[in-house]
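Student: Here you go, this is input06.pdb (PDB, C-alpha atoms, pLDDT in the B column).
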ATOM      1  CA  VAL A1086     106.147  99.185 119.568  1.00 92.00           C
ATOM      2  CA  ASN A1087     107.721  96.587 117.279  1.00 92.00           C
ATOM      3  CA  ALA A1088     107.208  97.936 113.768  1.00 93.00           C
ATOM      4  CA  SER A1089     108.567  94.983 111.804  1.00 92.00           C
ATOM      5  CA  SER A1090     106.478  92.337 113.605  1.00 94.00           C
ATOM      6  CA  GLY A1091     103.296  94.370 114.052  1.00 95.00           C
ATOM      7  CA  THR A1092     103.264  93.894 117.808  1.00 96.00           C
ATOM      8  CA  VAL A1093     103.418  95.849 121.046  1.00 95.00           C
ATOM      9  CA  SER A1094     105.390  94.529 124.012  1.00 93.00           C
ATOM     10  CA  ILE A1095     103.833  95.296 127.395  1.00 90.00           C
ATOM     11  CA  VAL A1096     106.350  95.129 130.229  1.00 87.00           C
ATOM     12  CA  GLN A1097     104.972  94.789 133.748  1.00 81.00           C
ATOM     13  CA  LYS A1098     107.003  94.686 136.957  1.00 74.00           C
ATOM     14  CA  LEU A1099     105.083  93.441 139.967  1.00 73.00           C
ATOM     15  CA  PHE A1100     105.895  94.776 143.436  1.00 74.00           C
ATOM     16  CA  GLY A1101     107.313  92.713 146.245  1.00 71.00           C
ATOM     17  CA  VAL A1102     110.447  90.757 147.019  1.00 70.00           C
ATOM     18  CA  GLY A1103     111.248  88.341 144.227  1.00 72.00           C
ATOM     19  CA  ALA A1104     108.376  89.546 142.082  1.00 77.00           C
ATOM     20  CA  ALA A1105     108.732  88.673 138.437  1.00 80.00           C
ATOM     21  CA  THR A1106     108.788  90.917 135.411  1.00 85.00           C
ATOM     22  CA  THR A1107     106.329  89.848 132.733  1.00 84.00           C
ATOM     23  CA  VAL A1108     106.335  90.688 129.030  1.00 88.00           C
ATOM     24  CA  THR A1109     103.118  90.350 127.044  1.00 88.00           C
ATOM     25  CA  ASN A1110     103.317  90.647 123.261  1.00 92.00           C
ATOM     26  CA  VAL A1111     100.094  91.891 121.677  1.00 93.00           C
ATOM     27  CA  THR A1112      99.434  91.719 117.941  1.00 95.00           C
ATOM     28  CA  VAL A1113      98.285  94.999 116.387  1.00 96.00           C
ATOM     29  CA  GLY A1114      98.263  96.229 112.769  1.00 95.00           C
ATOM     30  CA  ASN A1115     100.966  96.569 110.130  1.00 95.00           C
ATOM     31  CA  ALA A1116     103.876  98.946 110.754  1.00 95.00           C
ATOM     32  CA  PRO A1117     102.763 100.341 114.124  1.00 95.00           C
ATOM     33  CA  ASN A1118     104.160 103.822 114.685  1.00 93.00           C
ATOM     34  CA  GLY A1119     102.814 106.141 117.384  1.00 94.00           C
ATOM     35  CA  ILE A1120     101.523 104.955 120.746  1.00 96.00           C
ATOM     36  CA  ALA A1121      99.875 106.743 123.683  1.00 97.00           C
ATOM     37  CA  VAL A1122      98.772 105.388 127.062  1.00 96.00           C
ATOM     38  CA  SER A1123      96.160 106.576 129.560  1.00 96.00           C
ATOM     39  CA  SER A1124      97.446 107.923 132.868  1.00 94.00           C
ATOM     40  CA  ASP A1125      96.412 104.805 134.805  1.00 91.00           C
ATOM     41  CA  GLY A1126      98.003 102.467 132.266  1.00 89.00           C
ATOM     42  CA  THR A1127      94.863 100.500 131.489  1.00 90.00           C
ATOM     43  CA  ARG A1128      94.434 101.616 127.889  1.00 94.00           C
ATOM     44  CA  ALA A1129      96.799 102.221 124.966  1.00 96.00           C
ATOM     45  CA  TYR A1130      96.177 103.436 121.429  1.00 98.00           C
ATOM     46  CA  VAL A1131      98.520 102.350 118.634  1.00 98.00           C
ATOM     47  CA  ALA A1132      98.605 103.995 115.205  1.00 97.00           C
ATOM     48  CA  ASN A1133      99.259 101.349 112.542  1.00 97.00           C
ATOM     49  CA  SER A1134     100.621 103.233 109.534  1.00 95.00           C
ATOM     50  CA  GLY A1135     100.790 100.195 107.279  1.00 95.00           C
ATOM     51  CA  SER A1136      97.198  99.072 107.703  1.00 95.00           C
ATOM     52  CA  GLY A1137      95.414 102.412 108.168  1.00 96.00           C
ATOM     53  CA  THR A1138      94.086 101.384 111.567  1.00 97.00           C
ATOM     54  CA  VAL A1139      94.349 102.104 115.262  1.00 98.00           C
ATOM     55  CA  SER A1140      94.538  99.304 117.809  1.00 97.00           C
ATOM     56  CA  ILE A1141      93.038  99.923 121.249  1.00 97.00           C
ATOM     57  CA  ILE A1142      94.759  97.764 123.855  1.00 95.00           C
ATOM     58  CA  ASP A1143      92.404  97.660 126.821  1.00 93.00           C
ATOM     59  CA  TYR A1144      93.182  96.341 130.283  1.00 87.00           C
ATOM     60  CA  SER A1145      90.118  98.020 131.801  1.00 79.00           C
ATOM     61  CA  TYR A1146      88.126  94.809 131.942  1.00 66.00           C
ATOM     62  CA  ALA A1147      91.001  92.318 131.946  1.00 57.00           C
ATOM     63  CA  GLY A1148      91.891  92.507 135.624  1.00 55.00           C
ATOM     64  CA  GLY A1149      95.436  92.294 136.987  1.00 53.00           C
ATOM     65  CA  THR A1150      97.932  90.772 134.581  1.00 54.00           C
ATOM     66  CA  ALA A1151      95.366  89.071 132.340  1.00 70.00           C
ATOM     67  CA  THR A1152      95.671  89.373 128.577  1.00 80.00           C
ATOM     68  CA  PRO A1153      94.083  92.653 127.433  1.00 88.00           C
ATOM     69  CA  SER A1154      91.401  92.971 124.804  1.00 90.00           C
ATOM     70  CA  VAL A1155      92.349  94.531 121.461  1.00 94.00           C
ATOM     71  CA  ARG A1156      89.910  96.486 119.315  1.00 95.00           C
ATOM     72  CA  THR A1157      90.661  97.655 115.789  1.00 96.00           C
ATOM     73  CA  VAL A1158      89.442 101.001 114.459  1.00 97.00           C
ATOM     74  CA  THR A1159      89.754 101.549 110.705  1.00 96.00           C
ATOM     75  CA  LEU A1160      90.800 105.067 109.687  1.00 95.00           C
ATOM     76  CA  GLY A1161      92.792 104.964 106.448  1.00 83.00           C
ATOM     77  CA  GLY A1162      95.078 107.814 105.537  1.00 87.00           C
ATOM     78  CA  GLN A1163      98.271 106.408 107.104  1.00 93.00           C
ATOM     79  CA  PRO A1164      97.783 107.098 110.815  1.00 96.00           C
ATOM     80  CA  THR A1165     101.111 108.002 112.393  1.00 94.00           C
ATOM     81  CA  LYS A1166     100.997 109.778 115.759  1.00 95.00           C
ATOM     82  CA  VAL A1167      98.497 109.610 118.605  1.00 97.00           C
ATOM     83  CA  ALA A1168      97.772 111.462 121.839  1.00 98.00           C
ATOM     84  CA  VAL A1169      95.269 110.374 124.485  1.00 98.00           C
ATOM     85  CA  SER A1170      93.296 112.030 127.277  1.00 97.00           C
ATOM     86  CA  ALA A1171      94.255 111.211 130.863  1.00 97.00           C
ATOM     87  CA  ASP A1172      91.325 108.842 131.346  1.00 96.00           C
ATOM     88  CA  GLY A1173      91.913 107.046 128.046  1.00 95.00           C
ATOM     89  CA  THR A1174      88.471 107.756 126.587  1.00 96.00           C
ATOM     90  CA  ARG A1175      89.596 110.156 123.822  1.00 97.00           C
ATOM     91  CA  ALA A1176      92.452 109.757 121.378  1.00 98.00           C
ATOM     92  CA  TYR A1177      93.570 112.075 118.580  1.00 98.00           C
ATOM     93  CA  VAL A1178      95.339 110.435 115.632  1.00 98.00           C
ATOM     94  CA  THR A1179      97.156 112.209 112.792  1.00 96.00           C
ATOM     95  CA  ASN A1180      96.467 110.851 109.293  1.00 95.00           C
ATOM     96  CA  ALA A1181      99.497 111.800 107.221  1.00 92.00           C
ATOM     97  CA  THR A1182      98.104 111.357 103.709  1.00 93.00           C
ATOM     98  CA  THR A1183      94.613 112.829 104.110  1.00 95.00           C
ATOM     99  CA  GLY A1184      95.318 116.047 106.042  1.00 95.00           C
ATOM    100  CA  THR A1185      93.000 114.989 108.829  1.00 96.00           C
ATOM    101  CA  VAL A1186      92.968 114.107 112.500  1.00 97.00           C
ATOM    102  CA  SER A1187      90.699 111.349 113.790  1.00 97.00           C
ATOM    103  CA  LEU A1188      89.121 111.779 117.210  1.00 97.00           C
ATOM    104  CA  ILE A1189      88.367 108.336 118.651  1.00 97.00           C
ATOM    105  CA  SER A1190      85.952 108.198 121.581  1.00 96.00           C
ATOM    106  CA  TYR A1191      85.935 104.939 123.508  1.00 95.00           C
ATOM    107  CA  SER A1192      84.491 104.068 126.905  1.00 92.00           C
ATOM    108  CA  GLY A1193      84.072 100.357 126.280  1.00 86.00           C
ATOM    109  CA  GLY A1194      81.777  98.937 123.646  1.00 87.00           C
ATOM    110  CA  THR A1195      82.083 100.246 120.099  1.00 93.00           C
ATOM    111  CA  PRO A1196      84.493 103.152 119.493  1.00 95.00           C
ATOM    112  CA  THR A1197      83.234 106.168 117.542  1.00 96.00           C
ATOM    113  CA  VAL A1198      85.319 108.256 115.163  1.00 96.00           C
ATOM    114  CA  GLU A1199      85.069 111.933 114.215  1.00 97.00           C
ATOM    115  CA  THR A1200      87.200 113.247 111.346  1.00 96.00           C
ATOM    116  CA  ILE A1201      88.641 116.749 111.627  1.00 96.00           C
ATOM    117  CA  ASN A1202      90.229 118.551 108.684  1.00 95.00           C
ATOM    118  CA  VAL A1203      93.591 120.212 109.222  1.00 95.00           C
ATOM    119  CA  GLY A1204      96.390 121.109 106.808  1.00 88.00           C
ATOM    120  CA  SER A1205      98.462 118.729 104.728  1.00 90.00           C
ATOM    121  CA  GLY A1206     100.763 116.240 106.350  1.00 91.00           C
ATOM    122  CA  PRO A1207      99.845 116.394 110.054  1.00 93.00           C
ATOM    123  CA  ARG A1208     102.859 114.984 111.875  1.00 91.00           C
ATOM    124  CA  GLU A1209     102.473 115.495 115.599  1.00 94.00           C
ATOM    125  CA  VAL A1210      99.651 115.954 118.106  1.00 97.00           C
ATOM    126  CA  ALA A1211      99.373 116.828 121.796  1.00 97.00           C
ATOM    127  CA  VAL A1212      96.214 116.786 123.918  1.00 98.00           C
ATOM    128  CA  SER A1213      94.883 118.308 127.125  1.00 98.00           C
ATOM    129  CA  ALA A1214      94.159 116.077 130.117  1.00 97.00           C
ATOM    130  CA  ASP A1215      90.388 116.190 129.536  1.00 97.00           C
ATOM    131  CA  GLY A1216      90.708 115.520 125.793  1.00 97.00           C
ATOM    132  CA  ARG A1217      88.816 118.657 124.778  1.00 96.00           C
ATOM    133  CA  ARG A1218      91.794 120.498 123.269  1.00 97.00           C
ATOM    134  CA  ALA A1219      94.488 119.302 120.908  1.00 98.00           C
ATOM    135  CA  LEU A1220      97.469 120.936 119.259  1.00 97.00           C
ATOM    136  CA  VAL A1221      98.512 119.625 115.834  1.00 97.00           C
ATOM    137  CA  TYR A1222     101.686 120.271 113.871  1.00 95.00           C
ATOM    138  CA  GLY A1223     101.514 119.939 110.086  1.00 93.00           C
ATOM    139  CA  ALA A1224     104.025 119.926 107.265  1.00 90.00           C
ATOM    140  CA  GLY A1225     105.556 123.258 106.375  1.00 88.00           C
ATOM    141  CA  GLY A1226     105.241 124.796 109.826  1.00 92.00           C
ATOM    142  CA  SER A1227     101.457 124.918 110.093  1.00 94.00           C
ATOM    143  CA  VAL A1228      99.939 124.556 113.568  1.00 96.00           C
ATOM    144  CA  TYR A1229      96.275 123.905 114.363  1.00 96.00           C
ATOM    145  CA  VAL A1230      94.150 124.052 117.487  1.00 97.00           C
ATOM    146  CA  ILE A1231      91.302 121.546 117.773  1.00 97.00           C
ATOM    147  CA  LYS A1232      88.434 122.166 120.169  1.00 96.00           C
ATOM    148  CA  SER A1233      85.975 119.402 121.011  1.00 95.00           C
ATOM    149  CA  ASN A1234      83.232 120.214 123.485  1.00 89.00           C
ATOM    150  CA  PRO A1235      80.447 117.851 124.601  1.00 82.00           C
ATOM    151  CA  GLY A1236      77.426 117.906 122.313  1.00 84.00           C
ATOM    152  CA  ALA A1237      79.169 119.820 119.520  1.00 90.00           C
ATOM    153  CA  ALA A1238      81.210 118.898 116.486  1.00 93.00           C
ATOM    154  CA  ALA A1239      84.951 119.330 116.852  1.00 94.00           C
ATOM    155  CA  THR A1240      86.462 122.374 115.130  1.00 94.00           C
ATOM    156  CA  SER A1241      89.962 123.284 114.018  1.00 95.00           C
ATOM    157  CA  VAL A1242      91.578 126.670 113.488  1.00 95.00           C
ATOM    158  CA  ARG A1243      95.032 127.425 112.169  1.00 95.00           C
ATOM    159  CA  VAL A1244      97.405 129.319 114.418  1.00 95.00           C
ATOM    160  CA  PRO A1245      98.654 132.519 112.709  1.00 94.00           C
ATOM    161  CA  GLY A1246     102.133 132.206 111.236  1.00 93.00           C
ATOM    162  CA  SER A1247     104.400 129.284 110.394  1.00 92.00           C
ATOM    163  CA  TYR A1248     106.789 127.552 112.781  1.00 91.00           C
ATOM    164  CA  TYR A1249     109.257 125.118 111.277  1.00 88.00           C
ATOM    165  CA  SER A1250     109.711 122.488 113.947  1.00 83.00           C
ATOM    166  CA  TYR A1251     112.402 119.832 113.719  1.00 78.00           C
ATOM    167  CA  THR A1252     109.656 117.283 113.051  1.00 73.00           C
ATOM    168  CA  ASP A1253     109.615 118.664 109.492  1.00 69.00           C
ATOM    169  CA  TYR A1254     113.086 117.228 109.064  1.00 68.00           C
ATOM    170  CA  SER A1255     112.979 114.089 111.171  1.00 65.00           C
ATOM    171  CA  TYR A1256     109.361 112.835 111.354  1.00 63.00           C
ATOM    172  CA  THR A1257     109.937 112.290 115.069  1.00 72.00           C
ATOM    173  CA  ASP A1258     107.869 113.970 117.781  1.00 77.00           C
ATOM    174  CA  GLY A1259     108.390 115.881 121.009  1.00 84.00           C
ATOM    175  CA  PHE A1260     108.608 119.336 119.427  1.00 91.00           C
ATOM    176  CA  ILE A1261     105.185 120.574 120.507  1.00 95.00           C
ATOM    177  CA  ALA A1262     103.603 120.594 123.958  1.00 97.00           C
ATOM    178  CA  LEU A1263     100.173 121.396 125.374  1.00 98.00           C
ATOM    179  CA  SER A1264      99.437 122.156 129.012  1.00 98.00           C
ATOM    180  CA  ALA A1265      97.245 119.669 130.855  1.00 97.00           C
ATOM    181  CA  ASP A1266      94.556 122.334 131.316  1.00 97.00           C
ATOM    182  CA  GLY A1267      94.528 123.042 127.565  1.00 97.00           C
ATOM    183  CA  SER A1268      95.221 126.745 127.943  1.00 97.00           C
ATOM    184  CA  ARG A1269      98.667 127.080 126.413  1.00 97.00           C
ATOM    185  CA  GLY A1270     100.751 125.377 123.764  1.00 97.00           C
ATOM    186  CA  TYR A1271     104.424 125.484 122.857  1.00 97.00           C
ATOM    187  CA  VAL A1272     106.091 124.878 119.483  1.00 95.00           C
ATOM    188  CA  THR A1273     109.829 125.024 118.841  1.00 93.00           C
ATOM    189  CA  ASP A1274     110.780 126.759 115.591  1.00 91.00           C
ATOM    190  CA  HIS A1275     113.946 125.073 114.383  1.00 85.00           C
ATOM    191  CA  SER A1276     114.380 127.463 111.463  1.00 82.00           C
ATOM    192  CA  SER A1277     113.988 130.795 113.278  1.00 85.00           C
ATOM    193  CA  LYS A1278     115.472 129.582 116.577  1.00 86.00           C
ATOM    194  CA  LEU A1279     112.471 130.618 118.633  1.00 90.00           C
ATOM    195  CA  VAL A1280     109.697 129.162 120.712  1.00 93.00           C
ATOM    196  CA  ALA A1281     106.093 130.018 119.851  1.00 95.00           C
ATOM    197  CA  ILE A1282     103.800 130.209 122.894  1.00 97.00           C
ATOM    198  CA  ILE A1283     100.161 129.766 121.862  1.00 97.00           C
ATOM    199  CA  ASP A1284      97.150 131.010 123.824  1.00 96.00           C
ATOM    200  CA  LEU A1285      94.252 128.574 123.350  1.00 94.00           C
ATOM    201  CA  THR A1286      91.773 130.482 125.514  1.00 92.00           C
ATOM    202  CA  THR A1287      90.729 132.886 122.743  1.00 89.00           C
ATOM    203  CA  PRO A1288      88.641 132.166 119.593  1.00 87.00           C
ATOM    204  CA  THR A1289      91.663 132.997 117.424  1.00 89.00           C
ATOM    205  CA  PRO A1290      94.814 131.645 119.048  1.00 93.00           C
ATOM    206  CA  GLY A1291      97.265 134.329 120.122  1.00 93.00           C
ATOM    207  CA  VAL A1292     100.999 133.786 119.697  1.00 95.00           C
ATOM    208  CA  TRP A1293     104.050 135.117 121.486  1.00 93.00           C
ATOM    209  CA  SER A1294     107.375 134.432 119.794  1.00 91.00           C
ATOM    210  CA  VAL A1295     110.253 134.089 122.233  1.00 90.00           C
ATOM    211  CA  TYR A1296     113.785 134.181 120.856  1.00 85.00           C
ATOM    212  CA  LEU A1297     116.071 132.263 123.155  1.00 78.00           C
ATOM    213  CA  THR A1298     118.800 134.413 124.684  1.00 63.00           C
ATOM    214  CA  GLU A1299     121.522 131.775 124.565  1.00 64.00           C
ATOM    215  CA  ASP A1300     123.879 131.736 121.600  1.00 66.00           C
ATOM    216  CA  LEU A1301     122.323 129.143 119.298  1.00 63.00           C
ATOM    217  CA  SER A1302     124.698 129.710 116.404  1.00 68.00           C
ATOM    218  CA  ASN A1303     125.571 126.008 116.393  1.00 69.00           C
ATOM    219  CA  ASP A1304     122.367 124.587 117.793  1.00 75.00           C
ATOM    220  CA  TYR A1305     118.603 124.902 117.611  1.00 82.00           C
ATOM    221  CA  PRO A1306     115.535 124.587 119.843  1.00 87.00           C
ATOM    222  CA  HIS A1307     114.304 120.998 119.739  1.00 86.00           C
ATOM    223  CA  SER A1308     112.167 119.144 122.268  1.00 91.00           C
ATOM    224  CA  VAL A1309     109.769 121.020 124.547  1.00 94.00           C
ATOM    225  CA  ALA A1310     107.658 120.239 127.608  1.00 95.00           C
ATOM    226  CA  THR A1311     105.381 122.369 129.750  1.00 96.00           C
ATOM    227  CA  THR A1312     103.829 122.457 133.190  1.00 96.00           C
ATOM    228  CA  ALA A1313     100.200 121.502 133.872  1.00 96.00           C
ATOM    229  CA  ASN A1314      99.035 125.147 133.680  1.00 96.00           C
ATOM    230  CA  GLY A1315     101.377 126.122 130.836  1.00 95.00           C
ATOM    231  CA  ALA A1316     103.111 128.836 132.859  1.00 95.00           C
ATOM    232  CA  ARG A1317     106.552 127.420 132.135  1.00 95.00           C
ATOM    233  CA  GLY A1318     108.072 125.749 129.112  1.00 94.00           C
ATOM    234  CA  PHE A1319     111.272 123.715 129.094  1.00 94.00           C
ATOM    235  CA  VAL A1320     113.217 123.620 125.820  1.00 91.00           C
ATOM    236  CA  VAL A1321     116.135 121.413 124.788  1.00 89.00           C
ATOM    237  CA  THR A1322     118.685 123.214 122.612  1.00 83.00           C
TER     238      THR A1322
END
Would you kindly transcribe this structure into structure tokens?
Tutor:
Amino acid sequence: VNASSGTVSIVQKLFGVGAATTVTNVTVGNAPNGIAVSSDGTRAYVANSGSGTVSIIDYSYAGGTATPSVRTVTLGGQPTKVAVSADGTRAYVTNATTGTVSLISYSGGTPTVETINVGSGPREVAVSADGRRALVYGAGGSVYVIKSNPGAAATSVRVPGSYYSYTDYSYTDGFIALSADGSRGYVTDHSSKLVAIIDLTTPTPGVWSVYLTEDLSNDYPHSVATTANGARGFVVT
């Protein structure tokens, strides 16, 4: 993502002896920020904070190394971060100034948008592989679970408690994680030096707070990642 020029550079290395590396620059909106890519690399979603839009870069119908199509979805509310389902058909976008998350559904044709209310200043989002569950971190340590099932409106519920992730201080991401199966989330609490493990399988999310056993007197839990089933979390301190 090239924020100052409003472009995204797509780097592609072809296989084979002497194969060239190609760079394709695609114009998106103003001040692009977050980006997420489908697992097969054919579709990317770019949150353009300066223009209140999301650009969908789509190679699905381009074939090979052809120039992708670009679709623009207008959201407003300063979109910042984005997470996408494995197949690229669902993307969740945080809107920093409106306290909402936009769920974009796109399978070719015209994208649709559903707006989901969360707390103020949503700053980070993670999504399950099927796109039916999302974990959202908001300003002041608030965490929300979004559930979106076929044929029903998406809902959000706040996770009990507050967990002051480092994203509150840095506006960067990587401090929450959601398992691919959508059953378990992880949030690092920079302030209390713990990791919150969130159970998404119940109507009201359950939370286990795990204080790390290492001496963190001069350091704090930061980035976190989890396995596909959420059984293990890996935390950088």
Student: Give as a PyMOL selection string the residues that the PyMOL selection byres ((chain A and resi 1162) around 12) matches when applied to the coordinates above.
Tutor: chain A and resi 1132-1139+1159-1161+1163-1166+1178-1187+1200+1205-1207
Student: Kindly provide, as a list in words, the polymer residues lying within 12 Å of (108.6, 97.1, 122.6), counting all atoms listed in the file and using the coordinates exactly as they appear in the file.
Tutor: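 Checking each residue against the 12 Å limit leaves Val1086, Asn1087, Ala1088, Ser1089, Ser1090, Gly1091, Thr1092, Val1093, Ser1094, Ile1095, Val1096, Gln1097, Val1108, Thr1109, Asn1110, Val1111, Thr1112, Pro1117, Asn1118, Gly1119 and Ile1120 of chain A.
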Student: Expressed in Å to a single decimal, how great is the separation between atom CA of Val1228 of chain A and atom CA of Ile1142 of chain A?
Tutor: 29.2 Å
Student: In Å, with one decimal, what is the gap from atom CA of Gly1223 of chain A to atom CA of Ile1283 of chain A?
Tutor: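 The value is 15.4 Å.
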Student: So how many Å separate atom CA of Pro1306 of chain A and atom CA of Val1169 of chain A, to one decimal?
Tutor: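 Computing the Euclidean distance for atom CA of Pro1306 of chain A and atom CA of Val1169 of chain A yields 25.2 Å.
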Student: Do a neighbour search on Ile1141 of chain A at 6 Å with only C-alpha atoms, toss out local chain neighbours closer than 6 positions, and write the hits as a PyMOL selection string.
Tutor: chain A and resi 1129-1130+1155-1156
Student: Store the residues picked out above in a file with C-alpha atoms, as a compact mmCIF listing (two decimals), in the coordinates of the input.
Tutor:
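Saved to out_35.txt:
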# COMPACT_ATOMS: atom_id res chain seq x y z
CA ALA A 1129 96.80 102.22 124.97
CA TYR A 1130 96.18 103.44 121.43
CA VAL A 1155 92.35 94.53 121.46
CA ARG A 1156 89.91 96.49 119.32
Student: Go through A:Ala1238, A:Ala1171, A:Val1230, A:Val1212 one by one, measure the shortest atom-to-atom distance of each to Thr1287 of chain A using all atoms listed in the file, and give the residue with the smallest value.
Tutor: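 The answer is A:Val1230, which sits nearest to Thr1287 of chain A.
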Student: I need the residue nearest Ser1233 of chain A from this list: A:Val1122, A:Leu1188, A:Ala1214, A:Ala1151. Use all atoms listed in the file for the distance.
Tutor: A:Leu1188
Student: Name the residues in contact with Ser1170 of chain A at a cut-off of 8 Å, using all atoms listed in the file, excluding same-chain residues fewer than 6 positions from it; report them as a PDB file with C-alpha atoms, keeping the file's coordinate frame.
Tutor:
ATOM      1  CA  SER A1123      96.160 106.576 129.560  1.00 96.00           C
ATOM      2  CA  ALA A1176      92.452 109.757 121.378  1.00 98.00           C
ATOM      3  CA  VAL A1212      96.214 116.786 123.918  1.00 98.00           C
ATOM      4  CA  SER A1213      94.883 118.308 127.125  1.00 98.00           C
ATOM      5  CA  ALA A1214      94.159 116.077 130.117  1.00 97.00           C
ATOM      6  CA  ASP A1215      90.388 116.190 129.536  1.00 97.00           C
ATOM      7  CA  GLY A1216      90.708 115.520 125.793  1.00 97.00           C
TER       8      GLY A1216
END
Student: Could you give me, as a PyMOL selection string, the residues within 9 Å of Tyr1271 of chain A, counting only C-alpha atoms and dropping anything in the same chain fewer than 2 positions from it?
Tutor: chain A and resi 1260-1264+1269+1273+1280-1283+1309-1311+1315+1318
Student: When you count only C-alpha atoms, which of these residues is closest to Ala1313 of chain A: A:Gly1267, A:Pro1196, A:Gly1246, A:Pro1235?
Tutor: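 The answer is A:Gly1267, which sits nearest to Ala1313 of chain A.
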Student: Could you check the closest approach to Ser1227 of chain A for each of A:Gly1204, A:Gly1173, A:Gly1103, A:Gly1270 and tell me which residue wins, using all atoms listed in the file?
Tutor: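 Once distances to Ser1227 of chain A are computed over all atoms listed in the file, the minimum belongs to A:Gly1204.
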Student: Could you expand the PyMOL selection byres ((chain A and resi 1153) around 6) into the explicit residues it covers here, written as a PDB file with C-alpha atoms, in the frame of the given file?
Tutor:
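As written to disk, expr.pdb reads:
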ATOM      1  CA  ASP A1143      92.404  97.660 126.821  1.00 93.00           C
ATOM      2  CA  TYR A1144      93.182  96.341 130.283  1.00 87.00           C
ATOM      3  CA  ALA A1147      91.001  92.318 131.946  1.00 57.00           C
ATOM      4  CA  THR A1152      95.671  89.373 128.577  1.00 80.00           C
ATOM      5  CA  SER A1154      91.401  92.971 124.804  1.00 90.00           C
TER       6      SER A1154
END
Student: The PyMOL selection byres ((chain A and resi 1321) around 7) - which residues does that actually catch in the file I just gave you? List them as a PyMOL selection string.
Tutor: chain A and resi 1306-1309+1319-1320+1322
